[in-house]
$ cat structure-v9.txt   # compact mmCIF, C-alpha atoms (C1' of nucleotides)
# COMPACT_ATOMS: atom_id res chain seq x y z
CA MET A 1 110.52 84.76 12.19
CA THR A 2 109.49 81.11 11.93
CA ARG A 3 112.81 79.68 10.80
CA ALA A 4 112.38 76.64 13.02
CA PHE A 5 109.85 75.29 10.57
CA ASP A 6 111.92 76.01 7.46
CA SER A 7 114.95 74.05 6.33
CA HIS A 8 118.06 76.11 6.88
CA ASP A 9 121.77 75.93 7.60
CA HIS A 10 121.60 75.40 11.32
CA THR A 11 125.34 75.76 11.91
CA HIS A 12 124.81 79.41 11.10
CA CYS A 13 122.29 79.75 13.96
CA GLU A 14 124.72 78.08 16.30
CA LYS A 15 127.74 80.17 15.38
CA THR A 16 126.08 83.54 15.45
CA GLY A 17 124.19 82.76 18.64
CA LEU A 18 127.31 81.75 20.51
CA ALA A 19 129.20 84.76 19.18
CA GLU A 20 126.48 87.09 20.43
CA LEU A 21 126.49 85.41 23.81
CA GLU A 22 130.26 85.84 24.07
CA ARG A 23 130.11 89.46 23.05
CA HIS A 24 127.27 90.25 25.43
CA CYS A 25 129.09 88.67 28.36
CA ALA A 26 132.33 90.45 27.53
CA ASP A 27 130.56 93.80 27.17
CA ASN A 28 128.72 93.40 30.45
CA LYS A 29 131.44 91.73 32.47
CA LEU A 30 129.40 88.58 32.92
CA ARG A 31 131.18 85.30 33.51
CA LEU A 32 130.56 82.90 30.68
CA THR A 33 131.56 79.79 32.59
CA PRO A 34 131.89 76.34 31.01
CA VAL A 35 128.51 75.21 32.33
CA ARG A 36 126.73 78.32 31.09
CA ARG A 37 128.35 78.15 27.69
CA ARG A 38 127.60 74.46 27.33
CA VAL A 39 123.95 74.82 28.36
CA PHE A 40 123.53 77.53 25.76
CA GLU A 41 125.13 75.31 23.12
CA ILE A 42 122.82 72.46 24.06
CA LEU A 43 119.71 74.64 23.81
CA GLN A 44 120.98 76.21 20.63
CA SER A 45 121.71 72.86 18.98
CA GLN A 46 118.10 72.47 17.95
CA HIS A 47 114.94 74.50 17.63
CA LYS A 48 113.27 72.52 20.36
CA ALA A 49 112.52 73.25 23.97
CA MET A 50 114.37 71.08 26.46
CA GLY A 51 113.55 70.30 30.07
CA ALA A 52 116.04 71.17 32.78
CA TYR A 53 116.53 67.49 33.50
CA ASP A 54 117.23 66.68 29.84
CA ILE A 55 119.99 69.26 29.94
CA LEU A 56 121.24 67.99 33.26
CA GLU A 57 121.53 64.50 31.83
CA ILE A 58 123.85 65.77 29.10
CA LEU A 59 125.89 67.79 31.60
CA GLN A 60 126.26 64.70 33.76
CA LYS A 61 127.63 62.63 30.88
CA GLU A 62 130.15 65.36 30.18
CA GLY A 63 131.19 65.73 33.80
CA LEU A 64 129.90 69.28 34.02
CA GLY A 65 127.51 68.84 36.90
CA SER A 66 125.40 66.24 38.54
CA GLN A 67 122.65 67.93 40.55
CA PRO A 68 119.58 69.90 39.46
CA PRO A 69 120.76 73.28 40.72
CA VAL A 70 123.64 73.18 38.24
CA ALA A 71 121.23 73.12 35.33
CA TYR A 72 118.75 75.56 36.86
CA ARG A 73 121.46 78.08 37.68
CA ALA A 74 122.80 78.08 34.16
CA LEU A 75 119.28 78.36 32.76
CA ASP A 76 118.49 81.24 35.13
CA PHE A 77 121.57 83.02 33.91
CA LEU A 78 120.66 82.57 30.26
CA VAL A 79 117.02 83.52 30.75
CA GLY A 80 117.96 86.51 32.89
CA ASN A 81 120.28 87.81 30.20
CA GLY A 82 117.91 87.23 27.34
CA PHE A 83 119.68 84.25 25.77
CA ALA A 84 116.97 81.75 26.54
CA HIS A 85 113.27 81.74 27.26
CA LYS A 86 111.17 79.48 29.38
CA ILE A 87 108.24 77.86 27.62
CA GLU A 88 105.74 77.80 30.46
CA GLY A 89 103.36 75.47 28.73
CA LEU A 90 106.06 72.78 28.54
CA ASN A 91 108.14 73.56 31.62
CA ALA A 92 111.03 73.70 29.23
CA PHE A 93 113.61 76.08 27.85
CA ILE A 94 114.69 77.27 24.44
CA ALA A 95 117.59 79.36 23.19
CA CYS A 96 116.59 82.85 22.18
CA SER A 97 116.67 83.18 18.42
CA HIS A 98 117.46 86.89 18.46
CA PRO A 99 119.05 87.71 21.78
CA GLY A 100 120.06 91.14 22.84
CA ASP A 101 117.11 93.11 21.61
CA ASN A 102 114.61 93.82 24.30
CA HIS A 103 111.60 92.10 22.82
CA ILE A 104 108.39 90.46 23.89
CA PRO A 105 108.57 87.00 22.42
CA ALA A 106 105.82 84.73 21.23
CA PHE A 107 106.16 81.06 20.45
CA LEU A 108 104.58 78.62 18.04
CA ILE A 109 104.99 75.18 19.58
CA CYS A 110 104.38 71.97 17.64
CA ARG A 111 102.89 69.30 19.83
CA LYS A 112 104.00 66.56 17.45
CA CYS A 113 107.68 67.27 16.80
CA ALA A 114 108.26 69.67 19.71
CA ARG A 115 109.90 72.29 17.53
CA VAL A 116 109.41 75.86 18.66
CA ALA A 117 109.48 78.97 16.51
CA GLU A 118 109.88 82.37 18.03
CA THR A 119 107.84 85.21 16.56
CA ASP A 120 106.68 88.69 17.42
CA PRO A 121 103.20 88.79 18.97
CA GLN A 122 102.62 92.53 18.57
CA THR A 123 100.52 92.57 21.71
CA ASN A 124 99.31 96.10 21.33
CA ALA A 125 95.75 95.31 22.32
CA LEU A 126 96.90 93.61 25.49
CA ARG A 127 99.19 96.48 26.40
CA ARG A 128 96.42 98.97 25.85
CA GLN A 129 94.00 97.00 28.00
CA ALA A 130 96.55 96.64 30.76
CA SER A 131 97.26 100.33 30.60
CA ASP A 132 93.54 101.16 30.73
CA ALA A 133 93.15 98.96 33.79
CA GLY A 134 96.09 100.59 35.56
CA PHE A 135 98.03 97.35 35.39
CA SER A 136 101.76 97.58 34.74
CA ILE A 137 103.16 94.64 32.80
CA GLU A 138 106.58 93.34 33.74
CA HIS A 139 106.71 90.12 31.79
CA THR A 140 104.51 88.47 29.20
CA VAL A 141 104.06 84.90 28.09
CA VAL A 142 102.57 84.27 24.66
CA GLU A 143 102.52 80.67 23.52
CA ALA A 144 100.51 79.04 20.78
CA MET A 145 100.33 75.25 20.81
CA GLY A 146 99.45 73.45 17.62
CA VAL A 147 100.85 71.59 14.66
CA CYS A 148 103.68 72.81 12.45
CA PRO A 149 103.58 72.61 8.62
CA ASP A 150 105.81 69.52 8.42
CA CYS A 151 103.78 67.52 10.91
CA SER A 152 100.56 68.70 9.34
CA GLU A 153 101.64 67.33 5.94
CA THR A 154 102.74 64.05 7.47
CA ALA A 155 99.29 63.52 8.94
CA ALA A 156 97.60 64.15 5.59
CA MET B 1 87.14 92.87 31.21
CA THR B 2 89.34 93.58 34.19
CA ARG B 3 86.71 93.30 36.92
CA ALA B 4 89.13 91.48 39.21
CA PHE B 5 90.85 94.79 39.87
CA ASP B 6 87.65 96.76 40.44
CA SER B 7 85.48 96.58 43.53
CA HIS B 8 82.28 94.76 42.71
CA ASP B 9 79.54 92.59 44.14
CA HIS B 10 81.30 89.27 44.03
CA THR B 11 78.28 87.20 45.00
CA HIS B 12 76.94 88.09 41.57
CA CYS B 13 79.99 86.51 39.90
CA GLU B 14 79.52 83.40 41.96
CA LYS B 15 75.83 82.98 41.31
CA THR B 16 75.88 83.54 37.59
CA GLY B 17 78.98 81.40 37.13
CA LEU B 18 77.51 78.44 38.91
CA ALA B 19 74.22 78.83 37.06
CA GLU B 20 76.03 78.79 33.73
CA LEU B 21 77.98 75.72 34.75
CA GLU B 22 74.76 73.93 35.71
CA ARG B 23 73.06 74.88 32.49
CA HIS B 24 76.02 73.85 30.34
CA CYS B 25 76.25 70.47 32.04
CA ALA B 26 72.51 69.89 31.71
CA ASP B 27 72.51 70.89 28.03
CA ASN B 28 75.47 68.67 27.22
CA LYS B 29 74.63 65.73 29.44
CA LEU B 30 77.77 66.21 31.49
CA ARG B 31 77.84 64.96 35.05
CA LEU B 32 78.22 67.82 37.47
CA THR B 33 79.35 65.69 40.39
CA PRO B 34 79.84 67.05 43.93
CA VAL B 35 83.61 67.27 43.54
CA ARG B 36 83.39 69.08 40.22
CA ARG B 37 80.81 71.52 41.49
CA ARG B 38 82.75 72.19 44.65
CA VAL B 39 86.05 72.75 42.83
CA PHE B 40 84.32 75.25 40.58
CA GLU B 41 82.87 77.03 43.62
CA ILE B 42 86.29 77.17 45.24
CA LEU B 43 87.91 78.64 42.15
CA GLN B 44 85.02 81.00 41.65
CA SER B 45 85.12 82.25 45.22
CA GLN B 46 87.89 84.69 44.42
CA HIS B 47 89.61 86.26 41.44
CA LYS B 48 92.84 84.47 42.23
CA ALA B 49 94.54 81.47 40.75
CA MET B 50 94.81 78.46 43.03
CA GLY B 51 97.17 75.52 42.91
CA ALA B 52 95.79 72.01 42.61
CA TYR B 53 97.12 71.19 46.05
CA ASP B 54 95.45 74.24 47.62
CA ILE B 55 92.16 72.98 46.24
CA LEU B 56 92.90 69.45 47.35
CA GLU B 57 93.46 70.68 50.89
CA ILE B 58 90.00 72.20 50.98
CA LEU B 59 88.44 69.08 49.50
CA GLN B 60 90.18 66.98 52.14
CA LYS B 61 88.76 69.07 54.96
CA GLU B 62 85.30 68.64 53.49
CA GLY B 63 85.68 64.91 52.98
CA LEU B 64 85.42 65.18 49.20
CA GLY B 65 88.70 63.55 48.30
CA SER B 66 92.13 62.97 49.66
CA GLN B 67 94.52 62.27 46.81
CA PRO B 68 95.89 64.49 44.02
CA PRO B 69 94.05 62.80 41.16
CA VAL B 70 90.74 63.86 42.70
CA ALA B 71 91.64 67.51 42.32
CA TYR B 72 93.33 67.13 38.94
CA ARG B 73 90.40 65.22 37.49
CA ALA B 74 87.93 67.87 38.51
CA LEU B 75 90.22 70.60 37.20
CA ASP B 76 90.64 68.75 33.91
CA PHE B 77 86.88 68.56 33.59
CA LEU B 78 86.44 72.27 34.22
CA VAL B 79 89.29 73.31 31.95
CA GLY B 80 88.14 70.93 29.23
CA ASN B 81 84.67 72.40 29.28
CA GLY B 82 85.78 76.00 29.39
CA PHE B 83 84.87 76.74 33.01
CA ALA B 84 88.42 77.18 34.20
CA HIS B 85 91.78 78.05 32.74
CA LYS B 86 95.26 76.99 33.73
CA ILE B 87 97.67 79.83 34.39
CA GLU B 88 100.86 78.24 33.10
CA GLY B 89 103.12 80.83 34.65
CA LEU B 90 101.84 79.95 38.12
CA ASN B 91 101.00 76.28 37.73
CA ALA B 92 97.60 77.29 39.01
CA PHE B 93 93.98 77.44 37.96
CA ILE B 94 91.30 80.09 37.79
CA ALA B 95 87.57 80.02 37.12
CA CYS B 96 86.64 81.32 33.72
CA SER B 97 85.02 84.70 33.99
CA HIS B 98 82.90 84.29 30.89
CA PRO B 99 82.50 80.61 30.22
CA GLY B 100 80.65 79.19 27.26
CA ASP B 101 81.87 81.48 24.56
CA ASN B 102 84.71 80.01 22.61
CA HIS B 103 87.32 82.63 23.29
CA ILE B 104 91.08 82.97 23.44
CA PRO B 105 91.74 84.30 26.91
CA ALA B 106 94.51 86.55 28.15
CA PHE B 107 95.38 87.16 31.77
CA LEU B 108 96.76 90.05 33.76
CA ILE B 109 98.38 88.53 36.85
CA CYS B 110 99.43 90.61 39.84
CA ARG B 111 102.60 89.27 41.41
CA LYS B 112 101.85 91.05 44.70
CA CYS B 113 98.23 90.14 45.50
CA ALA B 114 97.93 87.20 43.07
CA ARG B 115 94.66 88.46 41.62
CA VAL B 116 94.08 87.56 38.01
CA ALA B 117 91.95 89.44 35.50
CA GLU B 118 90.83 87.84 32.29
CA THR B 119 90.84 89.98 29.15
CA ASP B 120 90.76 89.62 25.41
CA PRO B 121 94.21 89.61 23.80
CA GLN B 122 93.01 90.14 20.20
CA THR B 123 95.94 88.12 18.92
CA ASN B 124 95.39 88.89 15.28
CA ALA B 125 99.07 89.40 14.53
CA LEU B 126 99.97 86.07 16.05
CA ARG B 127 97.23 84.29 14.17
CA ARG B 128 98.33 85.83 10.91
CA GLN B 129 101.95 84.86 11.49
CA ALA B 130 100.97 81.32 12.38
CA SER B 131 98.83 81.13 9.29
CA ASP B 132 101.65 82.48 7.10
CA ALA B 133 104.02 79.85 8.52
CA GLY B 134 101.54 77.05 7.88
CA PHE B 135 101.17 76.48 11.60
CA SER B 136 97.73 75.57 12.90
CA ILE B 137 97.03 76.85 16.39
CA GLU B 138 95.04 74.65 18.73
CA HIS B 139 95.52 76.44 22.02
CA THR B 140 97.06 79.72 23.08
CA VAL B 141 98.47 80.97 26.35
CA VAL B 142 98.67 84.72 26.86
CA GLU B 143 99.74 85.85 30.31
CA ALA B 144 101.03 89.20 31.45
CA MET B 145 102.71 89.31 34.85
CA GLY B 146 102.96 92.62 36.66
CA VAL B 147 101.41 94.79 39.31
CA CYS B 148 97.72 95.62 39.57
CA PRO B 149 96.43 99.15 40.25
CA ASP B 150 95.72 98.52 43.95
CA CYS B 151 99.17 97.12 44.67
CA SER B 152 100.79 99.82 42.60
CA GLU B 153 99.13 102.53 44.75
CA THR B 154 100.10 100.77 47.94
CA ALA B 155 103.74 100.81 46.92
CA ALA B 156 103.66 104.53 46.11
C1' DG C 1 64.00 45.83 37.94
C1' DC C 2 68.26 43.92 35.86
C1' DT C 3 72.14 43.86 32.91
C1' DT C 4 75.52 46.18 30.58
C1' DG C 5 78.77 49.59 29.24
C1' DA C 6 80.52 53.96 30.07
C1' DT C 7 81.96 57.21 33.22
C1' DA C 8 83.60 58.69 37.75
C1' DT C 9 86.01 57.87 42.17
C1' DG C 10 89.43 55.80 45.63
C1' DT C 11 94.02 54.75 46.38
C1' DT C 12 98.86 53.58 45.90
C1' DA C 13 102.80 54.55 43.96
C1' DT C 14 105.79 57.12 41.31
C1' DA C 15 107.50 60.55 37.95
C1' DC C 16 108.69 65.07 36.95
C1' DT C 17 109.90 69.95 38.11
C1' DA C 18 112.16 73.16 41.14
C1' DT C 19 114.27 75.22 45.30
C1' DT C 20 116.67 75.70 49.91
C1' DA C 21 120.67 75.57 52.34
C1' DC C 22 125.27 75.33 53.21
C1' DA C 23 130.08 74.11 52.17
C1' DG C 24 133.86 74.69 49.08
C1' DA C 25 136.18 76.69 44.97
C1' DT C 26 137.44 80.38 41.87
C1' DA C 27 137.92 85.03 39.85
C1' DG C 28 138.92 89.85 39.99
C1' DC C 29 140.40 93.62 42.48
C1' DA C 30 142.49 96.50 46.41
C1' DT D 1 148.36 88.45 49.27
C1' DG D 2 144.12 88.87 51.08
C1' DC D 3 139.37 90.37 50.51
C1' DT D 4 134.95 90.01 48.49
C1' DA D 5 131.73 88.62 45.32
C1' DT D 6 130.37 85.11 42.50
C1' DC D 7 130.08 80.51 41.03
C1' DT D 8 129.97 75.42 41.86
C1' DG D 9 129.14 70.88 44.49
C1' DT D 10 126.02 68.37 46.94
C1' DA D 11 122.33 66.74 49.95
C1' DA D 12 117.91 67.22 51.14
C1' DT D 13 113.37 68.42 50.31
C1' DA D 14 109.33 70.92 48.35
C1' DG D 15 106.00 71.31 44.82
C1' DT D 16 103.46 69.69 40.63
C1' DA D 17 101.41 65.97 38.01
C1' DT D 18 100.30 61.35 36.24
C1' DA D 19 100.04 56.11 35.69
C1' DA D 20 97.74 52.19 36.91
C1' DC D 21 94.26 49.52 38.67
C1' DA D 22 90.40 48.39 41.69
C1' DT D 23 85.78 49.84 42.96
C1' DA D 24 81.58 52.40 42.61
C1' DT D 25 77.95 54.88 40.28
C1' DC D 26 75.05 56.27 36.52
C1' DA D 27 71.98 55.95 32.51
C1' DA D 28 70.05 53.35 28.79
C1' DG D 29 68.01 49.42 26.86
C1' DC D 30 66.00 45.14 27.61
$ encode --input "structure-v9.txt" --output "structure tokens"
Amino acid sequence: MTRAFDSHDHTHCEKTGLAELERHCADNKLRLTPVRRRVFEILQSQHKAMGAYDILEILQKEGLGSQPPVAYRALDFLVGNGFAHKIEGLNAFIACSHPGDNHIPAFLICRKCARVAETDPQTNALRRQASDAGFSIEHTVVEAMGVCPDCSETAA
Amino acid sequence: MTRAFDSHDHTHCEKTGLAELERHCADNKLRLTPVRRRVFEILQSQHKAMGAYDILEILQKEGLGSQPPVAYRALDFLVGNGFAHKIEGLNAFIACSHPGDNHIPAFLICRKCARVAETDPQTNALRRQASDAGFSIEHTVVEAMGVCPDCSETAA
DNA sequence: GCTTGATATGTTATACTATTACAGATAGCA
DNA sequence: TGCTATCTGTAATAGTATAACATATCAAGC
């Protein structure tokens, strides 16, 4: 679950992610427009969170859009369909590393290299407490900021 | 742990919170300046998260400061010393409901009435996964958005 | 009490993040 | 083809946060 911090063949991540996105859109009659596809590719190209304006800058260079709403709309689409998550602590976005399944994600975020690994928080205690309090959860944010193994070694 | 959603004598919250803040500052030779004290009182006055600019507006009316850094500095002081938390999902701040102990907080946030209850997430699974991945956690954000019991009844 | 150094405040300006609103284009279907 | 929903283009603006630097205040040691 913490592949972002391990060396791996990243082209595999990219290919399978894009394929899943295509399949999901086809199955659900969603329009995978050039901007949406490209924003997903950009997010997917690395295990780092990117700000909306970073993405917009790339779109601008490629002639795919010039104003903030272009980026935010594409991001809303991806987040809404489970293909990206917003990292609230960074005001940034990251491609979902296992889209499609209806999960509650948790993130390990390195403050040095900005890489983000998605894991499973298993928030049973929180769910039980919410349930006991009569609170119905619609969305959860679980983010752990810290230092990843690579950056930790570098410091030592 | 979810007092925010129960009816209670709120003046008790306010008194004990302020007393703890005063004691902590005295013990640690921290300067509890008028702005800092007042911002804590404002946050403490309700179990809701407030934006920095909401707080600034109040400070302005009271002649305690007119520019954003005044509010952000006071908030940084409170957050840094454990007397307030930032709710990342709202870009807002809330007084800590049990300051002093070195805890990992979790929040239940009602999207209808904006009340926020602080609970204990018991994030053992997350900690174990981080540890397994060689990731060292420095700060965690656990926020559950949803509907509180009062608002849920109202809707029904 | 006075000096000194550290900490806090006042203020201007600006950077960064996000949305509203409306006009125009495109896709899919009757 | 024409209708309708959806997506895109663009301008304007709202909302959140910080940098930078000058001034003021505090607390400790002389």
$ residues_around --input "structure-v9.txt" --residues "A:Leu56" --least-positions-apart "2" --cutoff "9 Å" --atoms "all atoms listed in the file" --output "list in words"
Val39, Gly51, Ala52, Tyr53, Asp54, Ile58, Leu59, Gln60, Lys61, Leu64, Gly65, Ser66, Gln67, Pro68, Val70, Ala71 and Tyr72 of chain A
$ closest_residue --input "structure-v9.txt" --among "A:Leu32, A:Ile55, A:Ala4, A:Cys96" --to "chain D" --atoms "all atoms listed in the file"
A:Leu32
$ atom_distance --input "structure-v9.txt" --atom1 "atom CA of B:Met50" --atom2 "atom CA of B:Cys113"
12.4 Å
$ atom_distance --input "structure-v9.txt" --atom1 "atom CA of A:Ala125" --atom2 "atom CA of A:Arg3"
25.8 Å
$ residues_around --input "structure-v9.txt" --residues "A:Ser152" --least-positions-apart "6" --cutoff "9 Å" --atoms "all atoms listed in the file" --output "ChimeraX atom specification"
/B:134-136
$ closest_residue --input "structure-v9.txt" --among "A:Thr2, A:Ser97, A:Asn81, A:Ser131" --to "chain B" --atoms "all atoms listed in the file"
A:Thr2
$ residues_near_point --input "structure-v9.txt" --point "(82.8, 54.3, 33.4)" --cutoff "9 Å" --atoms "only C-alpha atoms (C1' of nucleotides)" --output "short mmCIF file (atom, residue, chain, number, x, y, z; two decimals) with C-alpha atoms (C1' of nucleotides), in the frame of the given file"
data_model
loop_
_atom_site.label_atom_id
_atom_site.label_comp_id
_atom_site.auth_asym_id
_atom_site.auth_seq_id
_atom_site.Cartn_x
_atom_site.Cartn_y
_atom_site.Cartn_z
"C1'" DG C 5 78.77 49.59 29.24
"C1'" DA C 6 80.52 53.96 30.07
"C1'" DT C 7 81.96 57.21 33.22
"C1'" DA C 8 83.60 58.69 37.75
"C1'" DT D 25 77.95 54.88 40.28
"C1'" DC D 26 75.05 56.27 36.52
#
$ closest_atom_pairs --input "structure-v9.txt" --of "chain D" --to "chain A" --cutoff "9 Å" --atoms "only C-alpha atoms (C1' of nucleotides)" --output "CSV"
residue,atom,partner,partner_atom,distance
D:DC7,C1',A:Thr33,CA,8.6
D:DT8,C1',A:Val70,CA,7.6
D:DG9,C1',A:Gly65,CA,8.0
D:DT10,C1',A:Gln67,CA,7.2
$ write_last_selection --input "structure-v9.txt" --atoms "C-alpha atoms (C1' of nucleotides)" --output "PDB file, in the frame of the given file"
ATOM      1  C1'  DC D   7     130.080  80.510  41.030  1.00  0.00           C
ATOM      2  C1'  DT D   8     129.970  75.420  41.860  1.00  0.00           C
ATOM      3  C1'  DG D   9     129.140  70.880  44.490  1.00  0.00           C
ATOM      4  C1'  DT D  10     126.020  68.370  46.940  1.00  0.00           C
TER       5       DT D  10
END
$ atom_distance --input "structure-v9.txt" --atom1 "atom CA of B:Asn124" --atom2 "atom CA of A:Asn124"
10.2 Å
$ interface_residues --input "structure-v9.txt" --of "chain C" --to "chain B" --cutoff "12 Å" --atoms "all atoms listed in the file" --output "compact mmCIF listing (two decimals) with C-alpha atoms (C1' of nucleotides), in the frame of the given file"
# COMPACT_ATOMS: atom_id res chain seq x y z
C1' DT C 7 81.96 57.21 33.22
C1' DA C 8 83.60 58.69 37.75
C1' DT C 9 86.01 57.87 42.17
C1' DG C 10 89.43 55.80 45.63
C1' DT C 11 94.02 54.75 46.38
C1' DT C 12 98.86 53.58 45.90
C1' DA C 13 102.80 54.55 43.96
C1' DT C 17 109.90 69.95 38.11
$ closest_residue --input "structure-v9.txt" --among "A:Ala49, A:Pro121, A:Arg127, A:Asp150" --to "chain B" --atoms "only C-alpha atoms"
A:Pro121
$ residues_near_point --input "structure-v9.txt" --point "(82.9, 84.9, 45.0)" --cutoff "9 Å" --atoms "only C-alpha atoms (C1' of nucleotides)" --output "list in words"
Asp9, His10, Thr11, His12, Cys13, Glu14, Lys15, Glu41, Ile42, Leu43, Gln44, Ser45, Gln46 and His47 of chain B
$ interface_residues --input "structure-v9.txt" --of "chain B" --to "chain A" --cutoff "10 Å" --atoms "only C-alpha atoms" --output "PyMOL selection string"
chain B and resi 1-3+5-6+86-91+106-111+117+119-153
$ axis_aligned_box --input "structure-v9.txt" --around "stretch 148-154 of chain B" --padding-each-side "4 Å" --output "lines of an AutoDock Vina configuration file"
center_x = 98.3
center_y = 99.1
center_z = 43.8
size_x = 13.1
size_y = 14.9
size_z = 16.4
